[in-house]
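Listing of structure-v7.pdb, PDB, C-alpha atoms
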```
ATOM      1  CA  MET A  41      59.263 110.859 -75.744
ATOM      2  CA  ASN A  42      60.114 107.140 -75.702
ATOM      3  CA  LYS A  43      58.516 104.489 -73.499
ATOM      4  CA  LEU A  44      61.353 104.422 -70.989
ATOM      5  CA  GLU A  45      61.080 108.170 -70.450
ATOM      6  CA  GLN A  46      57.307 107.871 -70.017
ATOM      7  CA  ASP A  47      57.763 105.083 -67.457
ATOM      8  CA  ILE A  48      60.356 107.092 -65.553
ATOM      9  CA  GLN A  49      58.059 110.114 -65.490
ATOM     10  CA  PHE A  50      55.231 107.895 -64.219
ATOM     11  CA  ALA A  51      57.409 106.532 -61.393
ATOM     12  CA  ALA A  52      58.720 110.012 -60.570
ATOM     13  CA  ARG A  53      55.169 111.387 -60.402
ATOM     14  CA  LEU A  54      54.174 108.638 -57.979
ATOM     15  CA  ALA A  55      57.319 109.167 -55.885
ATOM     16  CA  ARG A  56      56.471 112.881 -55.650
ATOM     17  CA  SER A  57      52.865 112.141 -54.662
ATOM     18  CA  GLY A  58      54.151 109.995 -51.789
ATOM     19  CA  GLN A  59      56.602 112.670 -50.728
ATOM     20  CA  GLU A  60      53.928 115.374 -50.791
ATOM     21  CA  ALA A  61      51.200 113.335 -49.062
ATOM     22  CA  PRO A  62      49.254 115.416 -46.526
ATOM     23  CA  LEU A  63      49.881 114.965 -42.817
ATOM     24  CA  LEU A  64      47.297 112.654 -41.274
ATOM     25  CA  GLY A  65      47.648 113.556 -37.591
ATOM     26  CA  GLY A  66      45.308 116.563 -37.676
ATOM     27  CA  ARG A  67      42.447 114.957 -35.791
ATOM     28  CA  MET A  68      44.776 113.798 -32.990
ATOM     29  CA  LEU A  69      46.319 117.253 -32.695
ATOM     30  CA  ALA A  70      42.878 118.855 -32.639
ATOM     31  CA  TRP A  71      41.617 116.397 -30.014
ATOM     32  CA  TRP A  72      44.546 116.925 -27.627
ATOM     33  CA  GLY A  73      44.497 120.682 -28.237
ATOM     34  CA  GLY A  74      40.801 120.891 -27.451
ATOM     35  CA  MET A  75      41.152 118.769 -24.324
ATOM     36  CA  VAL A  76      44.209 120.650 -23.027
ATOM     37  CA  ALA A  77      42.573 124.044 -23.691
ATOM     38  CA  LEU A  78      39.438 122.929 -21.837
ATOM     39  CA  ALA A  79      41.393 121.494 -18.892
ATOM     40  CA  TYR A  80      43.535 124.628 -18.440
ATOM     41  CA  GLY A  81      40.412 126.791 -18.728
ATOM     42  CA  LEU A  82      38.603 124.764 -16.034
ATOM     43  CA  HIS A  83      41.742 124.829 -13.880
ATOM     44  CA  TYR A  84      41.686 128.636 -14.054
ATOM     45  CA  LEU A  85      37.979 128.766 -13.152
ATOM     46  CA  LEU A  86      38.560 126.468 -10.153
ATOM     47  CA  ILE A  87      41.570 128.288  -8.690
ATOM     48  CA  THR A  88      39.921 131.700  -9.061
ATOM     49  CA  GLY A  89      36.698 130.492  -7.442
ATOM     50  CA  ARG A  90      34.612 131.168 -10.539
ATOM     51  CA  LEU A  91      33.689 127.500 -10.565
ATOM     52  CA  GLU A  92      32.932 125.880  -7.226
ATOM     53  CA  PRO A  93      31.923 122.224  -7.312
ATOM     54  CA  PRO A  94      29.482 121.782  -4.389
ATOM     55  CA  GLY A  95      31.001 120.056  -1.381
ATOM     56  CA  LEU A  96      34.400 119.620  -3.001
ATOM     57  CA  PRO A  97      37.503 121.433  -1.712
ATOM     58  CA  LEU A  98      39.848 123.008  -4.266
ATOM     59  CA  GLY A  99      42.646 120.395  -4.029
ATOM     60  CA  PRO A 100      40.508 117.334  -4.733
ATOM     61  CA  ALA A 101      38.538 119.271  -7.368
ATOM     62  CA  ILE A 102      41.758 119.986  -9.293
ATOM     63  CA  GLY A 103      42.854 116.390  -8.840
ATOM     64  CA  ILE A 104      39.562 115.117 -10.244
ATOM     65  CA  LEU A 105      39.768 117.586 -13.145
ATOM     66  CA  TRP A 106      43.181 116.345 -14.256
ATOM     67  CA  LEU A 107      42.368 112.704 -13.618
ATOM     68  CA  ALA A 108      39.264 113.105 -15.784
ATOM     69  CA  PHE A 109      41.426 114.845 -18.398
ATOM     70  CA  VAL A 110      43.894 111.948 -18.540
ATOM     71  CA  VAL A 111      41.129 109.332 -18.781
ATOM     72  CA  ILE A 112      38.906 111.114 -21.327
ATOM     73  CA  ALA A 113      41.795 112.399 -23.475
ATOM     74  CA  SER A 114      43.469 108.971 -23.521
ATOM     75  CA  VAL A 115      40.276 107.080 -24.385
ATOM     76  CA  GLY A 116      39.482 109.574 -27.150
ATOM     77  CA  TYR A 117      43.026 109.341 -28.468
ATOM     78  CA  TRP A 118      42.860 105.536 -28.484
ATOM     79  CA  LEU A 119      39.613 105.685 -30.467
ATOM     80  CA  LEU A 120      41.166 108.123 -32.944
ATOM     81  CA  ILE A 121      44.214 105.888 -33.416
ATOM     82  CA  ARG A 122      41.892 102.994 -34.253
ATOM     83  CA  ARG A 123      40.385 105.211 -36.923
ATOM     84  CA  TYR A 124      43.687 106.531 -38.254
ATOM     85  CA  PRO A 125      42.938 107.579 -41.834
ATOM     86  CA  TYR A 126      45.181 105.079 -43.647
ATOM     87  CA  HIS A 127      42.642 105.093 -46.480
ATOM     88  CA  GLN A 128      43.573 108.720 -47.274
ATOM     89  CA  GLY A 129      46.943 107.471 -48.512
ATOM     90  CA  GLY A 130      50.444 108.617 -47.694
ATOM     91  CA  SER A 131      50.489 107.252 -44.130
ATOM     92  CA  GLY A 132      53.940 105.805 -44.857
ATOM     93  CA  SER A 133      55.422 109.091 -46.072
ATOM     94  CA  ALA A 134      58.506 110.362 -44.259
ATOM     95  CA  ALA A 135      56.552 113.333 -42.857
ATOM     96  CA  ASN A 136      53.741 111.144 -41.479
ATOM     97  CA  ARG A 137      56.173 108.632 -39.956
ATOM     98  CA  ALA A 138      58.118 111.506 -38.411
ATOM     99  CA  ASP A 139      54.868 113.081 -37.162
ATOM    100  CA  ARG A 140      53.918 109.879 -35.322
ATOM    101  CA  ALA A 141      57.439 109.342 -33.946
ATOM    102  CA  ILE A 142      57.890 112.939 -32.792
ATOM    103  CA  TRP A 143      54.498 113.221 -31.123
ATOM    104  CA  GLY A 144      54.903 109.768 -29.572
ATOM    105  CA  SER A 145      58.201 110.907 -28.047
ATOM    106  CA  ALA A 146      56.711 114.258 -27.029
ATOM    107  CA  GLY A 147      53.838 112.467 -25.283
ATOM    108  CA  LEU A 148      56.325 110.345 -23.344
ATOM    109  CA  ALA A 149      58.334 113.430 -22.360
ATOM    110  CA  ILE A 150      55.187 115.174 -21.124
ATOM    111  CA  GLY A 151      54.217 112.030 -19.208
ATOM    112  CA  TRP A 152      57.638 111.891 -17.496
ATOM    113  CA  ILE A 153      57.380 115.563 -16.528
ATOM    114  CA  MET A 154      53.895 115.095 -15.120
ATOM    115  CA  VAL A 155      54.832 111.971 -13.128
ATOM    116  CA  GLY A 156      57.898 113.765 -11.758
ATOM    117  CA  ALA A 157      55.798 116.775 -10.846
ATOM    118  CA  LEU A 158      53.240 114.567  -9.134
ATOM    119  CA  VAL A 159      55.899 112.853  -7.004
ATOM    120  CA  ARG A 160      57.551 116.177  -6.172
ATOM    121  CA  SER A 161      54.250 117.764  -5.210
ATOM    122  CA  LEU A 162      53.431 114.817  -2.941
ATOM    123  CA  LEU A 163      56.840 115.194  -1.254
ATOM    124  CA  ASP A 164      56.612 118.998  -0.960
ATOM    125  CA  GLY A 165      52.917 119.268  -0.258
ATOM    126  CA  ARG A 166      52.803 122.205  -2.716
ATOM    127  CA  PRO A 167      50.923 120.889  -5.752
ATOM    128  CA  ASP A 168      50.010 124.362  -6.999
ATOM    129  CA  GLN A 169      53.625 125.490  -7.343
ATOM    130  CA  VAL A 170      54.963 122.302  -8.882
ATOM    131  CA  PHE A 171      52.059 122.123 -11.310
ATOM    132  CA  ALA A 172      52.690 125.721 -12.379
ATOM    133  CA  TRP A 173      56.226 124.769 -13.429
ATOM    134  CA  THR A 174      54.983 122.015 -15.703
ATOM    135  CA  VAL A 175      52.990 124.396 -17.931
ATOM    136  CA  PRO A 176      55.954 126.155 -19.609
ATOM    137  CA  MET A 177      57.822 122.844 -19.885
ATOM    138  CA  VAL A 178      54.890 121.236 -21.654
ATOM    139  CA  PHE A 179      54.573 124.173 -24.066
ATOM    140  CA  ALA A 180      58.294 123.995 -24.816
ATOM    141  CA  ILE A 181      57.743 120.358 -25.822
ATOM    142  CA  TYR A 182      54.749 121.356 -27.966
ATOM    143  CA  ALA A 183      56.979 123.957 -29.623
ATOM    144  CA  THR A 184      59.721 121.420 -30.347
ATOM    145  CA  ALA A 185      57.305 118.863 -31.777
ATOM    146  CA  GLN A 186      55.393 121.365 -33.919
ATOM    147  CA  LEU A 187      58.583 122.920 -35.285
ATOM    148  CA  ALA A 188      60.151 119.537 -36.061
ATOM    149  CA  VAL A 189      57.077 118.224 -37.882
ATOM    150  CA  GLY A 190      56.545 121.624 -39.534
ATOM    151  CA  TRP A 191      60.090 121.731 -40.909
ATOM    152  CA  LEU A 192      59.989 118.122 -42.089
ATOM    153  CA  SER A 193      56.650 118.545 -43.837
ATOM    154  CA  ASN A 194      57.177 122.142 -45.013
ATOM    155  CA  SER A 195      54.021 123.180 -43.189
ATOM    156  CA  GLY A 196      53.983 126.896 -42.459
ATOM    157  CA  VAL A 197      50.999 126.415 -40.150
ATOM    158  CA  LEU A 198      52.906 123.978 -37.925
ATOM    159  CA  GLN A 199      56.055 126.105 -37.963
ATOM    160  CA  ALA A 200      54.017 129.141 -36.877
ATOM    161  CA  ALA A 201      52.273 127.033 -34.219
ATOM    162  CA  GLY A 202      55.675 125.878 -32.948
ATOM    163  CA  LEU A 203      57.024 129.410 -32.665
ATOM    164  CA  LEU A 204      53.846 130.538 -30.914
ATOM    165  CA  ALA A 205      54.040 127.584 -28.501
ATOM    166  CA  GLY A 206      57.609 128.669 -27.690
ATOM    167  CA  ALA A 207      56.356 132.178 -26.956
ATOM    168  CA  VAL A 208      53.579 130.762 -24.763
ATOM    169  CA  ALA A 209      56.205 128.725 -22.873
ATOM    170  CA  MET A 210      58.181 131.913 -22.134
ATOM    171  CA  VAL A 211      55.095 133.872 -21.057
ATOM    172  CA  CYS A 212      54.003 130.979 -18.831
ATOM    173  CA  TRP A 213      57.399 131.085 -17.067
ATOM    174  CA  LEU A 214      56.841 134.777 -16.409
ATOM    175  CA  LEU A 215      53.330 134.103 -15.109
ATOM    176  CA  ALA A 216      54.206 130.933 -13.166
ATOM    177  CA  GLY A 217      52.267 130.868  -9.926
ATOM    178  CA  GLN A 218      49.627 133.350 -11.120
ATOM    179  CA  SER A 219      46.159 132.293 -12.143
ATOM    180  CA  MET A 220      46.554 134.187 -15.448
ATOM    181  CA  GLN A 221      49.094 131.554 -16.471
ATOM    182  CA  PHE A 222      46.223 129.137 -17.061
ATOM    183  CA  VAL A 223      44.297 131.594 -19.243
ATOM    184  CA  VAL A 224      47.391 131.994 -21.412
ATOM    185  CA  ALA A 225      47.908 128.224 -21.429
ATOM    186  CA  SER A 226      44.301 127.570 -22.425
ATOM    187  CA  ALA A 227      44.429 130.084 -25.269
ATOM    188  CA  GLY A 228      47.876 128.815 -26.210
ATOM    189  CA  ALA A 229      46.661 125.218 -26.505
ATOM    190  CA  ALA A 230      43.731 126.340 -28.656
ATOM    191  CA  LEU A 231      45.995 128.335 -30.994
ATOM    192  CA  THR A 232      49.015 126.036 -31.165
ATOM    193  CA  LEU A 233      47.346 122.597 -31.131
ATOM    194  CA  LEU A 234      43.595 122.755 -31.758
ATOM    195  CA  LEU A 235      43.609 125.273 -34.614
ATOM    196  CA  PRO A 236      46.513 123.756 -36.603
ATOM    197  CA  GLY A 237      44.996 120.328 -35.973
ATOM    198  CA  VAL A 238      41.695 121.392 -37.522
ATOM    199  CA  LEU A 239      43.519 122.953 -40.495
ATOM    200  CA  LEU A 240      45.524 119.765 -41.104
ATOM    201  CA  TRP A 241      42.381 117.665 -40.767
ATOM    202  CA  ARG A 242      40.623 119.740 -43.424
ATOM    203  CA  ARG A 243      43.630 119.453 -45.702
ATOM    204  CA  GLU A 244      43.580 115.650 -45.477
ATOM    205  CA  THR A 245      40.419 115.496 -47.509
ATOM    206  CA  ASP A 246      41.390 118.396 -49.752
ATOM    207  CA  PRO A 247      45.129 118.096 -50.452
ATOM    208  CA  GLY A 248      44.834 120.955 -52.939
ATOM    209  CA  ARG A 249      44.199 123.324 -50.056
ATOM    210  CA  ASP A 250      47.410 125.212 -49.422
ATOM    211  CA  ASP A 251      47.659 126.010 -45.746
ATOM    212  CA  ALA A 252      51.400 126.487 -45.900
ATOM    213  CA  PRO A 253      52.277 130.133 -46.487
TER     214      PRO A 253
ATOM    215  CA  MET B  77      66.374  77.169 -78.850
ATOM    216  CA  PRO B  78      65.883  80.698 -77.442
ATOM    217  CA  PRO B  79      67.925  83.440 -79.039
ATOM    218  CA  GLU B  80      71.059  84.350 -77.171
ATOM    219  CA  LYS B  81      71.055  87.596 -75.243
ATOM    220  CA  PRO B  82      72.967  90.118 -77.344
ATOM    221  CA  THR B  83      76.177  91.170 -75.687
ATOM    222  CA  PRO B  84      77.214  94.817 -75.818
ATOM    223  CA  PRO B  85      80.153  95.703 -77.993
ATOM    224  CA  ASP B  86      83.402  96.238 -76.119
ATOM    225  CA  ASP B  87      83.286  99.996 -76.604
ATOM    226  CA  SER B  88      79.666 100.370 -75.333
ATOM    227  CA  PRO B  89      79.504 102.456 -72.152
ATOM    228  CA  PHE B  90      76.305 100.679 -71.110
ATOM    229  CA  ASP B  91      75.273  97.082 -70.527
ATOM    230  CA  HIS B  92      71.460  97.021 -70.806
ATOM    231  CA  SER B  93      71.336  93.447 -69.522
ATOM    232  CA  SER B  94      72.346  94.793 -66.112
ATOM    233  CA  ILE B  95      68.955  96.535 -65.684
ATOM    234  CA  ASP B  96      66.873  94.760 -63.037
ATOM    235  CA  ASP B  97      64.029  93.005 -64.881
ATOM    236  CA  VAL B  98      62.016  92.618 -61.673
ATOM    237  CA  ILE B  99      61.644  96.394 -61.401
ATOM    238  CA  HIS B 100      61.696  97.244 -65.065
ATOM    239  CA  GLY B 101      58.042  97.359 -66.040
ATOM    240  CA  ARG B 102      55.650 100.297 -65.898
ATOM    241  CA  LEU B 103      53.475  99.042 -63.059
ATOM    242  CA  ARG B 104      56.306  97.680 -60.922
ATOM    243  CA  LEU B 105      58.237 100.897 -61.520
ATOM    244  CA  GLY B 106      55.221 102.823 -60.249
ATOM    245  CA  VAL B 107      54.973 100.603 -57.172
ATOM    246  CA  MET B 108      58.673 100.998 -56.384
ATOM    247  CA  GLY B 109      58.551 104.741 -57.058
ATOM    248  CA  TYR B 110      55.611 105.285 -54.722
ATOM    249  CA  LEU B 111      56.957 103.005 -51.984
ATOM    250  CA  SER B 112      60.322 104.776 -52.180
ATOM    251  CA  THR B 113      58.656 107.816 -50.591
ATOM    252  CA  ALA B 114      55.606 106.323 -48.830
ATOM    253  CA  SER B 115      56.220 102.925 -47.288
ATOM    254  CA  PRO B 116      54.247 101.135 -45.998
ATOM    255  CA  ALA B 117      51.254 101.795 -48.220
ATOM    256  CA  LEU B 118      47.838 100.201 -48.136
ATOM    257  CA  PHE B 119      47.158  97.769 -50.980
ATOM    258  CA  THR B 120      44.145  99.868 -52.032
ATOM    259  CA  GLU B 121      46.199 103.075 -51.848
ATOM    260  CA  LEU B 122      48.855 101.548 -54.098
ATOM    261  CA  ARG B 123      46.229 100.181 -56.477
ATOM    262  CA  ASP B 124      44.657 103.621 -56.874
ATOM    263  CA  LYS B 125      48.039 105.313 -57.282
ATOM    264  CA  VAL B 126      49.301 103.029 -60.049
ATOM    265  CA  GLY B 127      45.863 102.658 -61.653
ATOM    266  CA  ALA B 128      45.801  98.854 -61.624
ATOM    267  CA  THR B 129      43.148  96.249 -60.879
ATOM    268  CA  ASP B 130      43.368  94.209 -57.674
ATOM    269  CA  GLY B 131      44.427  91.078 -59.538
ATOM    270  CA  ASN B 132      46.983  92.833 -61.695
ATOM    271  CA  LEU B 133      48.614  94.579 -58.751
ATOM    272  CA  ALA B 134      48.627  91.372 -56.679
ATOM    273  CA  ALA B 135      50.412  89.524 -59.488
ATOM    274  CA  HIS B 136      53.096  92.202 -59.782
ATOM    275  CA  LEU B 137      53.513  92.391 -56.011
ATOM    276  CA  LYS B 138      54.104  88.632 -55.921
ATOM    277  CA  LYS B 139      57.043  89.091 -58.289
ATOM    278  CA  LEU B 140      58.465  91.906 -56.198
ATOM    279  CA  GLU B 141      57.900  89.910 -53.007
ATOM    280  CA  ALA B 142      59.601  86.847 -54.494
ATOM    281  CA  ALA B 143      62.632  89.025 -55.257
ATOM    282  CA  GLY B 144      62.601  90.250 -51.640
ATOM    283  CA  TYR B 145      61.899  93.861 -52.671
ATOM    284  CA  VAL B 146      58.606  94.216 -50.814
ATOM    285  CA  PHE B 147      56.845  92.376 -48.053
ATOM    286  CA  VAL B 148      53.138  92.154 -47.472
ATOM    287  CA  GLU B 149      51.703  92.580 -43.990
ATOM    288  CA  LYS B 150      48.088  91.964 -42.985
ATOM    289  CA  ARG B 151      46.974  93.952 -39.961
ATOM    290  CA  PRO B 152      43.765  93.239 -38.085
ATOM    291  CA  SER B 153      41.311  96.115 -38.309
ATOM    292  CA  THR B 154      37.814  96.964 -37.091
ATOM    293  CA  GLY B 155      36.393  95.863 -40.453
ATOM    294  CA  ARG B 156      38.346  93.768 -42.951
ATOM    295  CA  PRO B 157      42.052  93.257 -42.229
ATOM    296  CA  GLN B 158      44.220  95.898 -43.836
ATOM    297  CA  THR B 159      46.992  94.860 -46.208
ATOM    298  CA  PHE B 160      50.131  96.980 -46.068
ATOM    299  CA  ILE B 161      52.961  96.794 -48.576
ATOM    300  CA  HIS B 162      56.435  97.609 -47.253
ATOM    301  CA  LEU B 163      59.516  98.410 -49.281
ATOM    302  CA  THR B 164      62.377  96.297 -47.896
ATOM    303  CA  LYS B 165      66.019  97.356 -47.548
ATOM    304  CA  PRO B 166      67.052  95.188 -50.530
ATOM    305  CA  GLY B 167      64.098  96.693 -52.403
ATOM    306  CA  ARG B 168      65.305 100.225 -51.740
ATOM    307  CA  ALA B 169      68.839  99.252 -52.750
ATOM    308  CA  ALA B 170      67.512  97.656 -55.954
ATOM    309  CA  TRP B 171      65.452 100.773 -56.703
ATOM    310  CA  LEU B 172      68.460 103.058 -56.275
ATOM    311  CA  GLU B 173      70.562 100.718 -58.392
ATOM    312  CA  TRP B 174      67.881 100.723 -61.096
ATOM    313  CA  LEU B 175      67.854 104.526 -61.106
ATOM    314  CA  HIS B 176      71.643 104.544 -61.387
ATOM    315  CA  ARG B 177      71.586 102.074 -64.299
ATOM    316  CA  VAL B 178      68.927 103.972 -66.169
ATOM    317  CA  GLN B 179      70.801 107.213 -65.653
ATOM    318  CA  SER B 180      73.860 105.497 -67.194
ATOM    319  CA  LEU B 181      71.708 104.369 -70.110
ATOM    320  CA  ILE B 182      70.397 107.872 -70.716
ATOM    321  CA  GLU B 183      73.899 109.330 -70.509
ATOM    322  CA  ALA B 184      75.223 106.645 -72.872
ATOM    323  CA  THR B 185      72.395 107.321 -75.316
ATOM    324  CA  GLY B 186      73.079 111.016 -75.130
ATOM    325  CA  LYS B 187      76.747 110.444 -75.922
ATOM    326  CA  GLY B 188      75.899 108.082 -78.774
TER     327      GLY B 188
END
```
Do you think you could lay out the structure here as structure tokens?
Amino acid sequence: MNKLEQDIQFAARLARSGQEAPLLGGRMLAWWGGMVALAYGLHYLLITGRLEPPGLPLGPAIGILWLAFVVIASVGYWLLIRRYPYHQGGSGSAANRADRAIWGSAGLAIGWIMVGALVRSLLDGRPDQVFAWTVPMVFAIYATAQLAVGWLSNSGVLQAAGLLAGAVAMVCWLLAGQSMQFVVASAGAALTLLLPGVLLWRRETDPGRDDAP
Amino acid sequence: MPPEKPTPPDDSPFDHSSIDDVIHGRLRLGVMGYLSTASPALFTELRDKVGATDGNLAAHLKKLEAAGYVFVEKRPSTGRPQTFIHLTKPGRAAWLEWLHRVQSLIEATGKG
């Protein structure tokens, strides 16, 4: 093998290592998944009376729950972004850039849905019903984002999470208005966001781990 | 007086003088190869990937930057500022052109 061929192989090996760099958004996915699962779980406990904050009616209690969710989840997310693992390498890979762009867009879409639902619920005076509609919409967005990133990065875990999130979205439409919807949503967030997030996070530090079936 | 660059014979299917000298070098090839699939990359990430020292990589990056193939960005961070290396559009075009030229060379050699 001559020197030119060796140099080309060297460059090709490096190009492949960039292309196959692990996804670095695992900790963000795990954080949001954990927070969403917890919030839906607490929402279920509040509306079924299993959790009764002393001296606080149901409406304000739910409002405080979701306000606390937005504040805590956003602050945690901001801290995680500041500690984005650039040092792991591969942050500029197509899959990682797509991951950030897709989830950034998905976050905006969820925000627009939630703001719309808030305005509608204020106009209608039926926050419970409007809020119930947002759950399947949000899971449909999770499904789209997970499938898109999963296909781009060839991650079987994310593709499976996306399909499951789609199934959760359908079930949540069927259960809309029933308290059980929030149990399904809580479990769905744990399985479609938290679990794949933890798996991706582990793979960051051990790229040899093959979590893609 | 420096020797004149040899010109290819009229029947040669390949002109080796058309290969981009800025890219053509093991370390700069490695940098361009890695950035072609992972841009931007941290300076330290690139250094570890190509197996160079800080000084050596910085010197090669200066040549690539002077040619407009990469640009260096310093971002403020919680600790030391982070240095990111971006592949530019002309850099990507030059990389693809280099690949095309080398492919021509290999084909020409194979025919010879």
Might you spell out which residues the PyMOL selection byres ((chain A) within 8 of (chain B)) would select in the displayed file, as JSON, numbers by chain?
-> {"A": [47, 48, 50, 51, 52, 54, 55, 56, 57, 58, 59, 122, 126, 127, 128, 129, 130, 131, 132, 133, 134]}
Considering all atoms listed in the file, return as a ChimeraX atom specification whatever protein or nucleic-acid residues lie within 8 Å of stretch 137-152 of chain A, sequence-local ones (same chain, fewer than 4 positions apart) excluded.
-> /A:63,65,131-133,156,178,181-182,185,188-189,192
Using the chain letters and numbers from the file, which residues does the PyMOL selection byres ((chain A and resi 202) around 7) grab, as a PyMOL selection string?
-> chain A and resi 182-184+186-187+198-201+203-206+232
Determine the residue set returned by the PyMOL selection byres ((chain A and resi 217) around 10) for the present structure, and present it as a PyMOL selection string.
-> chain A and resi 168-173+212-216+218-222
Which residue out of A:Asp164, A:Val224, A:Trp106, A:Leu240 has the minimum interatomic distance to A:Leu86 when only C-alpha atoms are used?
->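 Among A:Asp164, A:Val224, A:Trp106, A:Leu240, it is A:Trp106 that comes nearest to A:Leu86.
Taking only C-alpha atoms into account, the polymer residues that have an atom no farther than 10 Å from (45.3, 130.3, -23.5) are Val76, Ala77, Leu78, Tyr80, Gly81, Val208, Cys212, Met220, Gln221, Phe222, Val223, Val224, Ala225, Ser226, Ala227, Gly228, Ala229, Ala230, Leu231 and Thr232 of chain A.
For the pair atom CA of A:Val159 and atom CA of A:Leu105, the interatomic distance is 17.9 Å.
Pairwise distance (atom CA of B:Ala134, atom CA of B:Trp174) equals 21.9 Å.
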Would you compute the box with edges along x, y and z of the file around stretch 42-56 of chain A, including every atom the file lists for it and 5 Å extra on each side, and give its centre and edge lengths in Å to one decimal, as lines of an AutoDock Vina configuration file?
```
center_x = 57.8
center_y = 108.7
center_z = -65.7
size_x = 17.2
size_y = 18.5
size_z = 30.1
```
Give me, please, the distance in Å between atom CA of A:Leu44 and atom CA of B:Gln179, quoted to one decimal.
->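 If I compute the distance from atom CA of A:Leu44 to atom CA of B:Gln179, I get 11.2 Å.
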For a cut-off of 10 Å around (42.5, 113.9, -22.4), file coordinates, pick out all residues using only C-alpha atoms and list them as a PyMOL selection string.
-> chain A and resi 71-76+78-79+106-117
B:Ala135: which residues within 12 Å, counting only C-alpha atoms, same-chain residues fewer than 6 positions away excluded, as a list in words?
->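 Residues near the query, excluding close chain neighbours: Leu103, Arg104, Arg123, Ala128, Thr129, Glu141 and Ala142 of chain B.
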